[in-house]
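Only one structure is covered here, and it is reproduced in the block below.
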Amino acid sequence: MNEAGRGSDGADAVAREAASAPLLAVENLTKHFSVKGSLLSRSNAVVQAVDDVSFLVRRGETLGIVGESGCGKSTTARLLMHLIARDSGRIRFAGRPVGAAHGLSRRDLHRQMQMVFQDSYASLNPRLPVAMSIAFGPFVHGLAKSAALQRARQLLEAVGLDPLLFANRYPHELSGGQRQRINIARALALEPRIVILDEAVSALDKSVEAQVLNLLADLKTHFDLTYIFISHDLNVVRYISDRVMVMYLGKVVEIGPVHQIYLHPQHPYTQALLTAMPSMDPGRRTLRAPLSGDPPNPISPPSGCRFRTRCPFAEKVCEAVPPQLLALQNSVAVACHMRFPGSGHSRADKTVPH
Amino acid sequence: MMAEAAALRVDASLVLQRAQQGKSYWRRVWERLLDDKLTLVVTAVLLLLLVMVLFAPWFTVHDPYTGSVLRRLKPVGTLGHWLGTDEVGRDLWSRMVYGGRMSLLAGVVPVFLALLIGGFLGILAGYAGGFLNSTIMRLTDVLYAFPSILLAIAITGILGSGLKNTILALTISFIPPIIRISESITAQTRHLDFVEAARASGARPLTIMRYHILNNVLGPILVYATSLISICIILAAGLSFLGLGVTPPSAEWGLMLNNLRQALWVSPLVAALPGVMIFITSMCFNLMSDGLRQAMDVRL
Amino acid sequence: MWTFTLRRLLYAVPVLLGVSMLVFVLIHLAPGDVVDILVPPEVPKDIADGLRRRFRLDEPIYLQYLAWLSRLLVGDFGISFFTGRPVAEELFGALANTLIIALPAALLGFSLGIALGALAAYSRDSWLDKVFSATAIIGVSLPHYWVGIVLVAIFSVVLNMLPAQGMGFEGLPTGWEEIKHLILPVITLSLIPMGVTSRLVRANVLEILSQEFVGTLHAKGLGKRRVLYHTLKNAAPSALALMGLQFGYLLGGSILVETVFNWPGSGGLMNLAIFRRDVPVLSATILVLAAIFVVINILVDVLQALIDPRMRR
């Protein structure tokens, strides 16, 4: 474990940890996709979509995951949901390993953890009335059809849609916001503990997005849920998250409480991301582009620190040694040589540059 | 005042009832079909044809199998034989109506059978992926190596003619294209988000197939299959024309075309008539299939 | 690029093997065998069996298949039951005769098809396009062998302008008299390629015209003709693929037209073989036609990949 506030107030940290034992523990999660070359050529290009990713999710919190397209957020989500098989690493839910012989089976995991996808329309079977789509999960796990539909109607009400009006409608008869509510209802149908929201509001109009976000907040309290909220929209993540994890090219670069990350970002990439956010205040203009260059090819990422090709502070050690995700004070963990004395970086030991 | 309020209340509940129903995809397709005049007309024609063919004795006067040498090759418009007679003196109209039985049978049954077999294999291949998919598709490729008529000829030419072999040959000819289309559509559907969501619910493959795949996949496959019927009718008649299909003295449009070839010099109109039936039937099926396709192309 | 070609060629081998197996299986499913046909039924059984042994008909089936296959690969297609002559002789002569009508039919069908299709696409939604759509539906529903009969009825029987049947010459046509025999078969044969090609070209051109880059070309000031050239270049790959396939169908599916016109091509040969129950000729013809179809498919794939880099998987 590499991120649990260890090294600061020891006893305090231990007590805190015991009180809120992680609901989900992810260790060294790795997934590489091989890109098929032609049949007759030897080399197989490999996309290192998710590489040695580890993090915890505490009960009752909202963990935000941010990063550019292609950084591995969605792949991580699918790995957690076991929709694709991981190459290596462990996943533990409430302490029980998933997929191992004596632990939780995939099917049992699905009762504990569910997901809401980005495309509200493609997520619903166009041939089924929405109540059936919602009821499908419980029905599959043994509930009788009528009971499942009854639960579906209750959930419709919980997400703010009148069951009398909406239960027998089809997806094409609903708006984007309504469909996403249906998707949320469907995710809740199995009464999970964790809900993964993969860019769930990204495709909605801003006003609708706000409504859905508020709905999510209400549901969280009402059903005692834990959220993993994946998005590329930094504002939304800030609004809804308790802790935030920043990913770059398949690796975790920084993770910590939301205020710490947004006010005092430690990793150069996080700093650049936040600076790149346009501000409403014309007084705060961005004069210089914070990030240079294009994101490198995920097929052959740079050696050592993957961010070094775009980092203004890159040095020789960054090329040679991949930085580990280590804890700082304030419950923040970061993977950057600059932050840790003795790493070999010239800026270690100095104060944080902005 | 009270009456108006009551009327308003009734209207509101009707609206509510309507809204509660929700229009399923198939209902919308049905409504669009009913709007499509051309398709309705064509379907009516086909139904009429079917009725005439099934109840042939009611619609014809003469026996299609007995002819009189004295009355050979009478032209169109002869008294008592309004479409003339064939080369053996049989009434052409009777031959055409009774011949419709064979022609329609050989035109529709193979597509139906190919739909069952090919649809099953294609959907299986599309959903399963991997080794099963490769095996099925490679075997399909072997059959695809034959131009369709060649395959049908190979089977009937070597195994012998007759209705059974004709249906067998045509079924085998139409299985590959149906497998291809079914596999393609199923594979595409399988990667859609809602199927992934169904998997994320922990459902087993068979359940997913039943509730999420089939209801999305069967429609387009069905439309494609109906478009094959018109081709099958032409091919079936063609096989009979070559002497590989239905055998004499049965009546069948393609066979009649062949038998009447010599009569071309004597009575060209009569000789060409059976082909008209093939053409009309094939075109009706074509238009019907087009109409179905357009109705199903509902922008959701 | 070359790896792609190699892959396609290698892939064709199992397909061809499968085809040969299919034909072989069919031959063996046929009622009766060689000896029954060659020999009158009164012959005593042991003589018939001796003949069977000589023809190696008592060996296990896979050995027979291998023997048959090895003979095929050397070019020995067997002896015709009916004429006693080597099948290869008759087959390739017949194929040449089919080519004499297939090639002109392909040219005629494709060129008219492209012209009609492009015309229809450009005059979209006008009456011309509606006429085109109607003609297309009619064209697809017509049995082309029937059209052949109708043409004979009109031009031979009624008008007496063109010969009704037969090839009338050997080798290549040399004069108008000989070409007259070609006209009706070629027209009949060209109908299906013309219909299919025109539909595809129309659909493709429409799709390309609606794409944004065409608007860009116009905005750049390119004249209509240049835009047309670019459009056709984009439509070419799939059109070429289709034409290749259609040509394959022409070769393999010419039997109906050849029957109508008594044309001594590969189709006519098959027809005769069927009636004479001449299994070697029939099976060899089917096999060769299927093999040609497979080769054409490969050529089409390679050609497509050459033109459109996106196709190189």
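Simple scheme: letters A, B, ... for chains in structure tokens order, numbers from 1 for residues in each chain, numbers from 1 for ligands in the order shown.
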
Using only C-alpha atoms, find each residue in chain B having at least one atom no more than 8 Å away from chain A; report its shortest atom-to-atom pair and that distance in Å (one decimal), rows by chain then rising number, as a tab-separated table.
residue	atom	partner	partner_atom	distance
B:Leu16	CA	A:Leu165	CA	7.2
B:Ala19	CA	A:Leu165	CA	6.2
B:Gln20	CA	A:Leu165	CA	5.0
B:Gln21	CA	A:Asn168	CA	5.6
B:Gly22	CA	A:Arg169	CA	4.3
B:Lys23	CA	A:Tyr170	CA	7.0
B:Ser24	CA	A:Tyr170	CA	6.5
B:Tyr25	CA	A:Arg127	CA	6.3
B:Leu192	CA	A:Ala122	CA	6.5
B:Asp193	CA	A:Ser123	CA	4.7
B:Phe194	CA	A:Ser123	CA	4.0
B:Val195	CA	A:Ser123	CA	7.7
B:Glu196	CA	A:Leu83	CA	7.5
B:Ala197	CA	A:Ser123	CA	6.8
B:Ala198	CA	A:Gly137	CA	7.4
B:Arg199	CA	A:Leu83	CA	7.5
B:Ala200	CA	A:His110	CA	6.3
B:Ser201	CA	A:Gly137	CA	5.1
B:Gly202	CA	A:Arg107	CA	5.0
B:Ala203	CA	A:Val140	CA	5.8
B:Thr207	CA	A:Val140	CA	7.9
B:His212	CA	A:Asn125	CA	6.6
B:Asn215	CA	A:Arg127	CA	6.6
B:Asn216	CA	A:Arg127	CA	6.7
B:Leu300	CA	A:His172	CA	5.5

Could you write out the selected residues, including C-alpha atoms, as a compact mmCIF listing (two decimals), in the first residue's frame?
# COMPACT_ATOMS: atom_id res chain seq x y z
CA LEU B 16 -52.06 9.60 -19.75
CA ALA B 19 -48.31 8.12 -22.78
CA GLN B 20 -48.05 5.12 -20.54
CA GLN B 21 -48.00 2.72 -23.45
CA GLY B 22 -44.95 3.84 -25.28
CA LYS B 23 -44.56 2.93 -28.91
CA SER B 24 -42.33 -0.02 -29.42
CA TYR B 25 -40.11 -0.22 -32.46
CA LEU B 192 -22.86 -2.02 -28.19
CA ASP B 193 -22.93 -0.45 -24.75
CA PHE B 194 -26.20 -1.93 -23.63
CA VAL B 195 -24.90 -5.43 -24.22
CA GLU B 196 -21.87 -4.60 -22.12
CA ALA B 197 -24.16 -3.24 -19.46
CA ALA B 198 -26.11 -6.50 -19.55
CA ARG B 199 -22.88 -8.41 -19.09
CA ALA B 200 -22.04 -6.10 -16.22
CA SER B 201 -25.29 -7.17 -14.57
CA GLY B 202 -23.87 -10.63 -14.36
CA ALA B 203 -26.20 -12.19 -16.89
CA THR B 207 -29.96 -14.78 -21.17
CA HIS B 212 -30.80 -8.21 -25.78
CA ASN B 215 -34.70 -8.69 -30.53
CA ASN B 216 -32.20 -6.36 -32.15
CA LEU B 300 -34.68 6.33 -33.57

Please provide the set of residues having any atom within 10 Å of segment 183-191 of chain B, restricted to only C-alpha atoms, with same-chain residues fewer than 3 positions apart removed, written as an mmCIF file with C-alpha atoms, in the first residue's frame.
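Result went into around11.cif, see below:
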data_model
loop_
_atom_site.group_PDB
_atom_site.id
_atom_site.type_symbol
_atom_site.label_atom_id
_atom_site.label_comp_id
_atom_site.auth_asym_id
_atom_site.auth_seq_id
_atom_site.Cartn_x
_atom_site.Cartn_y
_atom_site.Cartn_z
ATOM 1 C CA GLY B 118 -28.040 -19.773 -41.703
ATOM 2 C CA GLY B 119 -29.525 -17.412 -39.157
ATOM 3 C CA PHE B 120 -28.768 -19.781 -36.331
ATOM 4 C CA LEU B 121 -25.194 -20.396 -37.454
ATOM 5 C CA GLY B 122 -24.545 -16.736 -38.206
ATOM 6 C CA ILE B 123 -25.868 -15.462 -34.897
ATOM 7 C CA LEU B 124 -23.902 -18.124 -33.085
ATOM 8 C CA ALA B 125 -20.723 -17.171 -34.932
ATOM 9 C CA GLY B 126 -21.305 -13.475 -34.359
ATOM 10 C CA TYR B 127 -21.887 -13.804 -30.649
ATOM 11 C CA ALA B 128 -19.305 -16.421 -29.825
ATOM 12 C CA GLY B 129 -16.390 -14.991 -31.723
ATOM 13 C CA ASN B 133 -16.579 -17.894 -35.475
ATOM 14 C CA ILE B 136 -18.104 -21.267 -39.343
ATOM 15 C CA MET B 137 -16.941 -18.382 -41.504
ATOM 16 C CA PRO B 177 -25.173 -15.032 -47.602
ATOM 17 C CA ILE B 178 -27.514 -15.338 -44.642
ATOM 18 C CA ILE B 179 -24.719 -16.581 -42.416
ATOM 19 C CA ARG B 180 -22.617 -13.621 -43.488
ATOM 20 C CA PHE B 194 -26.201 -1.932 -23.627
ATOM 21 C CA VAL B 195 -24.898 -5.430 -24.215
ATOM 22 C CA GLU B 196 -21.866 -4.601 -22.124
ATOM 23 C CA ILE B 208 -28.217 -11.896 -22.903
ATOM 24 C CA MET B 209 -28.895 -13.556 -26.221
ATOM 25 C CA HIS B 212 -30.801 -8.211 -25.777
ATOM 26 C CA ILE B 213 -29.356 -9.732 -28.911
ATOM 27 C CA LEU B 214 -32.185 -11.497 -30.647
ATOM 28 C CA ASN B 216 -32.203 -6.363 -32.150
ATOM 29 C CA VAL B 217 -30.795 -8.739 -34.692
ATOM 30 C CA LEU B 218 -33.731 -10.689 -36.073
ATOM 31 C CA PRO B 220 -32.566 -6.802 -40.185
ATOM 32 C CA ILE B 221 -31.855 -10.457 -40.913
#

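For chain B, the residues no farther than 7 Å from chain C when using only C-alpha atoms are Asp141, Val142, Ala145, Phe146, Pro147, Ile149, Leu150, Ala154, Ile155, Gly157, Ile158, Leu159, Ser230, Ile234, Leu264, Trp265, Pro268, Ala272, Gly275, Phe279, Ser282 and Met283 of chain B.
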
Output C-alpha atoms for every residue in the selection just made, as an mmCIF file, in the first residue's frame.
data_model
loop_
_atom_site.group_PDB
_atom_site.id
_atom_site.type_symbol
_atom_site.label_atom_id
_atom_site.label_comp_id
_atom_site.auth_asym_id
_atom_site.auth_seq_id
_atom_site.Cartn_x
_atom_site.Cartn_y
_atom_site.Cartn_z
ATOM 1 C CA ASP B 141 -16.209 -19.165 -47.614
ATOM 2 C CA VAL B 142 -15.926 -22.542 -49.284
ATOM 3 C CA ALA B 145 -16.517 -19.813 -53.822
ATOM 4 C CA PHE B 146 -19.352 -20.877 -56.105
ATOM 5 C CA PRO B 147 -21.470 -18.404 -58.007
ATOM 6 C CA ILE B 149 -26.355 -20.805 -59.701
ATOM 7 C CA LEU B 150 -23.337 -22.986 -60.143
ATOM 8 C CA ALA B 154 -23.805 -28.808 -59.069
ATOM 9 C CA ILE B 155 -26.174 -30.290 -56.552
ATOM 10 C CA GLY B 157 -27.045 -31.861 -61.788
ATOM 11 C CA ILE B 158 -25.223 -34.521 -59.902
ATOM 12 C CA LEU B 159 -27.864 -35.671 -57.493
ATOM 13 C CA SER B 230 -37.309 -12.765 -55.526
ATOM 14 C CA ILE B 234 -35.971 -16.625 -60.586
ATOM 15 C CA LEU B 264 -41.651 -19.516 -80.101
ATOM 16 C CA TRP B 265 -41.774 -19.704 -83.898
ATOM 17 C CA PRO B 268 -44.416 -16.175 -79.646
ATOM 18 C CA ALA B 272 -43.339 -15.864 -73.485
ATOM 19 C CA GLY B 275 -41.932 -15.612 -67.962
ATOM 20 C CA PHE B 279 -41.367 -11.463 -63.536
ATOM 21 C CA SER B 282 -40.413 -11.632 -58.419
ATOM 22 C CA MET B 283 -41.067 -7.928 -58.707
#

Inset, instruction - as a ChimeraX atom specification, list the residues of segment 10-220 of chain B assigned to helix (DSSP H, G or I) by DSSP on the backbone atoms of this structure. - result: /B:10-21,25-35,37-54,56-59,69-71,92-128,130-144,148-159,163-190,193-200,205-220

Legend entry - Contacts of Thr156 of chain B within 8 Å, only C-alpha atoms, excl. fewer than 5 positions in-chain, as a ChimeraX atom specification: /B:161,165-166,169,244-245

Inset, instruction - Tell me, as an NGL selection string, which residues lie within 7 Å of Arg58 of chain A, counting only C-alpha atoms; anything in the same chain fewer than 3 positions away does not count. - result: :A and (20-24 or 61)

Pull C-alpha atoms from the residues just selected and write them as a short mmCIF file (atom, residue, chain, number, x, y, z; two decimals), in the first residue's frame.
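out-v3.cif was written with the following content:
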data_model
loop_
_atom_site.label_atom_id
_atom_site.label_comp_id
_atom_site.auth_asym_id
_atom_site.auth_seq_id
_atom_site.Cartn_x
_atom_site.Cartn_y
_atom_site.Cartn_z
CA SER A 20 -12.81 3.70 7.21
CA ALA A 21 -11.30 0.50 5.90
CA PRO A 22 -11.14 0.61 2.12
CA LEU A 23 -14.18 -0.72 0.37
CA LEU A 24 -12.15 -1.28 -2.77
CA GLU A 61 -16.49 8.77 -0.53
#

Inset, instruction - Please provide as JSON, numbers by chain all residues within 12 Å of Leu273 of chain B, with the sequence filter that same-chain residues fewer than 3 positions apart are discarded (counting only C-alpha atoms). - result: {"B": [75, 76, 83, 84, 85, 86, 92, 93, 95, 96, 253, 254, 256, 257, 258, 260, 261, 263, 264, 267, 268, 269, 270, 276, 277, 278, 279, 280], "C": [146, 147, 149, 150, 153]}

Would you mind exporting the chosen residues as a compact mmCIF listing (two decimals), in the first residue's frame, restricted to C-alpha atoms?
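Generated file (selection21.txt):
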# COMPACT_ATOMS: atom_id res chain seq x y z
CA PRO B 75 -53.17 -18.17 -79.43
CA VAL B 76 -54.17 -15.77 -76.70
CA LEU B 83 -54.43 -17.45 -72.56
CA GLY B 84 -54.10 -20.06 -75.24
CA THR B 85 -52.79 -23.59 -75.05
CA ASP B 86 -49.34 -25.08 -74.80
CA LEU B 92 -52.19 -22.31 -70.47
CA TRP B 93 -54.11 -20.45 -67.79
CA ARG B 95 -50.99 -24.58 -66.22
CA MET B 96 -49.94 -21.18 -64.97
CA TRP B 253 -43.27 -21.66 -64.81
CA GLY B 254 -39.63 -22.26 -65.67
CA MET B 256 -43.14 -24.25 -69.15
CA LEU B 257 -40.75 -21.69 -70.54
CA ASN B 258 -38.48 -24.47 -71.65
CA LEU B 260 -42.59 -23.73 -75.08
CA ARG B 261 -39.30 -22.69 -76.63
CA ALA B 263 -43.39 -22.85 -79.90
CA LEU B 264 -41.65 -19.52 -80.10
CA SER B 267 -46.95 -18.54 -81.20
CA PRO B 268 -44.42 -16.18 -79.65
CA LEU B 269 -46.84 -14.56 -77.24
CA VAL B 270 -47.91 -17.81 -75.67
CA VAL B 276 -44.38 -12.81 -67.29
CA MET B 277 -45.59 -14.62 -64.19
CA ILE B 278 -42.05 -15.12 -62.96
CA PHE B 279 -41.37 -11.46 -63.54
CA ILE B 280 -44.49 -10.20 -61.80
CA TRP C 146 -36.67 -14.93 -70.23
CA VAL C 147 -35.50 -11.63 -71.66
CA ILE C 149 -36.35 -15.59 -75.15
CA VAL C 150 -38.29 -12.38 -75.65
CA ALA C 153 -39.10 -13.67 -80.29

Inset, instruction - Within 7 Å of Leu29 of chain A, counting only C-alpha atoms, which residues show up once you throw out same-chain ones fewer than 6 positions away? Write them as number ranges by chain, please. - result: A: 50-54, 88-90

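In this comparison, which uses only C-alpha atoms, the residue of C:Tyr229, C:Leu206, C:Gly50, C:Ala88 approaching Asp125 of chain C most closely is C:Leu206.
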
If we count only C-alpha atoms and set the cut-off at 12 Å, which residues sit around Leu303 of chain C, ignoring sequence neighbours fewer than 2 positions away in its own chain? Please answer as a PDB file with N, CA and C atoms, in the first residue's frame.
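Result saved to result_32.pdb:
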ATOM      1  N   MET C   1       2.360  -4.607 -48.536  1.00  0.00           N
ATOM      2  CA  MET C   1       1.490  -4.815 -49.682  1.00  0.00           C
ATOM      3  C   MET C   1       1.626  -6.236 -50.200  1.00  0.00           C
ATOM      4  N   TRP C   2       2.865  -6.640 -50.337  1.00  0.00           N
ATOM      5  CA  TRP C   2       3.070  -7.973 -50.877  1.00  0.00           C
ATOM      6  C   TRP C   2       2.690  -9.037 -49.875  1.00  0.00           C
ATOM      7  N   PHE C   4       0.254  -8.778 -47.952  1.00  0.00           N
ATOM      8  CA  PHE C   4      -1.197  -8.883 -48.086  1.00  0.00           C
ATOM      9  C   PHE C   4      -1.553  -9.837 -49.222  1.00  0.00           C
ATOM     10  N   THR C   5      -0.878  -9.626 -50.361  1.00  0.00           N
ATOM     11  CA  THR C   5      -1.154 -10.483 -51.513  1.00  0.00           C
ATOM     12  C   THR C   5      -0.862 -11.936 -51.183  1.00  0.00           C
ATOM     13  N   ARG C   8      -3.489 -13.437 -49.058  1.00  0.00           N
ATOM     14  CA  ARG C   8      -4.716 -13.752 -49.789  1.00  0.00           C
ATOM     15  C   ARG C   8      -4.538 -15.018 -50.607  1.00  0.00           C
ATOM     16  N   ALA C 236     -14.134   4.440 -57.311  1.00  0.00           N
ATOM     17  CA  ALA C 236     -13.546   3.332 -58.068  1.00  0.00           C
ATOM     18  C   ALA C 236     -13.372   2.028 -57.301  1.00  0.00           C
ATOM     19  N   PRO C 237     -12.790   2.035 -56.104  1.00  0.00           N
ATOM     20  CA  PRO C 237     -12.460   0.742 -55.482  1.00  0.00           C
ATOM     21  C   PRO C 237     -13.652  -0.200 -55.338  1.00  0.00           C
ATOM     22  N   SER C 238     -14.732   0.274 -54.758  1.00  0.00           N
ATOM     23  CA  SER C 238     -15.820  -0.674 -54.556  1.00  0.00           C
ATOM     24  C   SER C 238     -16.482  -1.020 -55.883  1.00  0.00           C
ATOM     25  N   ALA C 239     -16.480  -0.062 -56.808  1.00  0.00           N
ATOM     26  CA  ALA C 239     -17.048  -0.364 -58.116  1.00  0.00           C
ATOM     27  C   ALA C 239     -16.225  -1.449 -58.795  1.00  0.00           C
ATOM     28  N   LEU C 240     -14.910  -1.340 -58.686  1.00  0.00           N
ATOM     29  CA  LEU C 240     -14.049  -2.340 -59.296  1.00  0.00           C
ATOM     30  C   LEU C 240     -14.280  -3.710 -58.677  1.00  0.00           C
ATOM     31  N   ALA C 241     -14.412  -3.720 -57.365  1.00  0.00           N
ATOM     32  CA  ALA C 241     -14.658  -4.984 -56.680  1.00  0.00           C
ATOM     33  C   ALA C 241     -15.923  -5.627 -57.221  1.00  0.00           C
ATOM     34  N   LEU C 242     -16.948  -4.821 -57.323  1.00  0.00           N
ATOM     35  CA  LEU C 242     -18.216  -5.344 -57.804  1.00  0.00           C
ATOM     36  C   LEU C 242     -18.078  -5.871 -59.223  1.00  0.00           C
ATOM     37  N   MET C 243     -17.375  -5.122 -60.075  1.00  0.00           N
ATOM     38  CA  MET C 243     -17.277  -5.545 -61.473  1.00  0.00           C
ATOM     39  C   MET C 243     -16.508  -6.846 -61.580  1.00  0.00           C
ATOM     40  N   GLY C 244     -15.496  -6.977 -60.754  1.00  0.00           N
ATOM     41  CA  GLY C 244     -14.759  -8.232 -60.764  1.00  0.00           C
ATOM     42  C   GLY C 244     -15.660  -9.395 -60.412  1.00  0.00           C
ATOM     43  N   ILE C 296     -10.508 -14.871 -59.361  1.00  0.00           N
ATOM     44  CA  ILE C 296     -10.988 -13.513 -59.632  1.00  0.00           C
ATOM     45  C   ILE C 296     -11.187 -12.752 -58.326  1.00  0.00           C
ATOM     46  N   ASN C 297     -11.756 -13.447 -57.324  1.00  0.00           N
ATOM     47  CA  ASN C 297     -11.949 -12.811 -56.021  1.00  0.00           C
ATOM     48  C   ASN C 297     -10.637 -12.300 -55.452  1.00  0.00           C
ATOM     49  N   ILE C 298      -9.592 -13.116 -55.569  1.00  0.00           N
ATOM     50  CA  ILE C 298      -8.284 -12.703 -55.050  1.00  0.00           C
ATOM     51  C   ILE C 298      -7.781 -11.479 -55.802  1.00  0.00           C
ATOM     52  N   LEU C 299      -7.879 -11.551 -57.140  1.00  0.00           N
ATOM     53  CA  LEU C 299      -7.409 -10.415 -57.943  1.00  0.00           C
ATOM     54  C   LEU C 299      -8.131  -9.139 -57.539  1.00  0.00           C
ATOM     55  N   VAL C 300      -9.444  -9.281 -57.340  1.00  0.00           N
ATOM     56  CA  VAL C 300     -10.238  -8.111 -56.959  1.00  0.00           C
ATOM     57  C   VAL C 300      -9.758  -7.557 -55.624  1.00  0.00           C
ATOM     58  N   ASP C 301      -9.532  -8.438 -54.666  1.00  0.00           N
ATOM     59  CA  ASP C 301      -9.058  -7.970 -53.359  1.00  0.00           C
ATOM     60  C   ASP C 301      -7.742  -7.239 -53.476  1.00  0.00           C
ATOM     61  N   ALA C 305      -6.948  -3.284 -52.731  1.00  0.00           N
ATOM     62  CA  ALA C 305      -5.953  -2.844 -51.759  1.00  0.00           C
ATOM     63  C   ALA C 305      -4.936  -1.927 -52.416  1.00  0.00           C
ATOM     64  N   LEU C 306      -4.671  -2.181 -53.691  1.00  0.00           N
ATOM     65  CA  LEU C 306      -3.709  -1.352 -54.395  1.00  0.00           C
ATOM     66  C   LEU C 306      -4.218   0.076 -54.509  1.00  0.00           C
ATOM     67  N   ILE C 307      -5.509   0.186 -54.828  1.00  0.00           N
ATOM     68  CA  ILE C 307      -6.064   1.519 -55.051  1.00  0.00           C
ATOM     69  C   ILE C 307      -6.372   2.224 -53.743  1.00  0.00           C
ATOM     70  N   ASP C 308      -6.965   1.496 -52.836  1.00  0.00           N
ATOM     71  CA  ASP C 308      -7.422   2.124 -51.604  1.00  0.00           C
ATOM     72  C   ASP C 308      -6.633   1.595 -50.423  1.00  0.00           C
ATOM     73  N   PRO C 309      -5.688   2.374 -49.926  1.00  0.00           N
ATOM     74  CA  PRO C 309      -4.802   1.869 -48.872  1.00  0.00           C
ATOM     75  C   PRO C 309      -5.559   1.438 -47.621  1.00  0.00           C
ATOM     76  N   MET C 311      -7.899  -0.515 -47.458  1.00  0.00           N
ATOM     77  CA  MET C 311      -8.383  -1.880 -47.499  1.00  0.00           C
ATOM     78  C   MET C 311      -7.342  -2.883 -47.070  1.00  0.00           C
ATOM     79  N   ARG C 312      -6.108  -2.415 -46.913  1.00  0.00           N
ATOM     80  CA  ARG C 312      -5.051  -3.380 -46.614  1.00  0.00           C
ATOM     81  C   ARG C 312      -5.089  -3.758 -45.150  1.00  0.00           C
TER      82      ARG C 312
END

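If you measure from each of C:Leu10, C:Leu66, C:Leu172, C:Leu116 to chain A using only C-alpha atoms, the closest one turns out to be C:Leu10.
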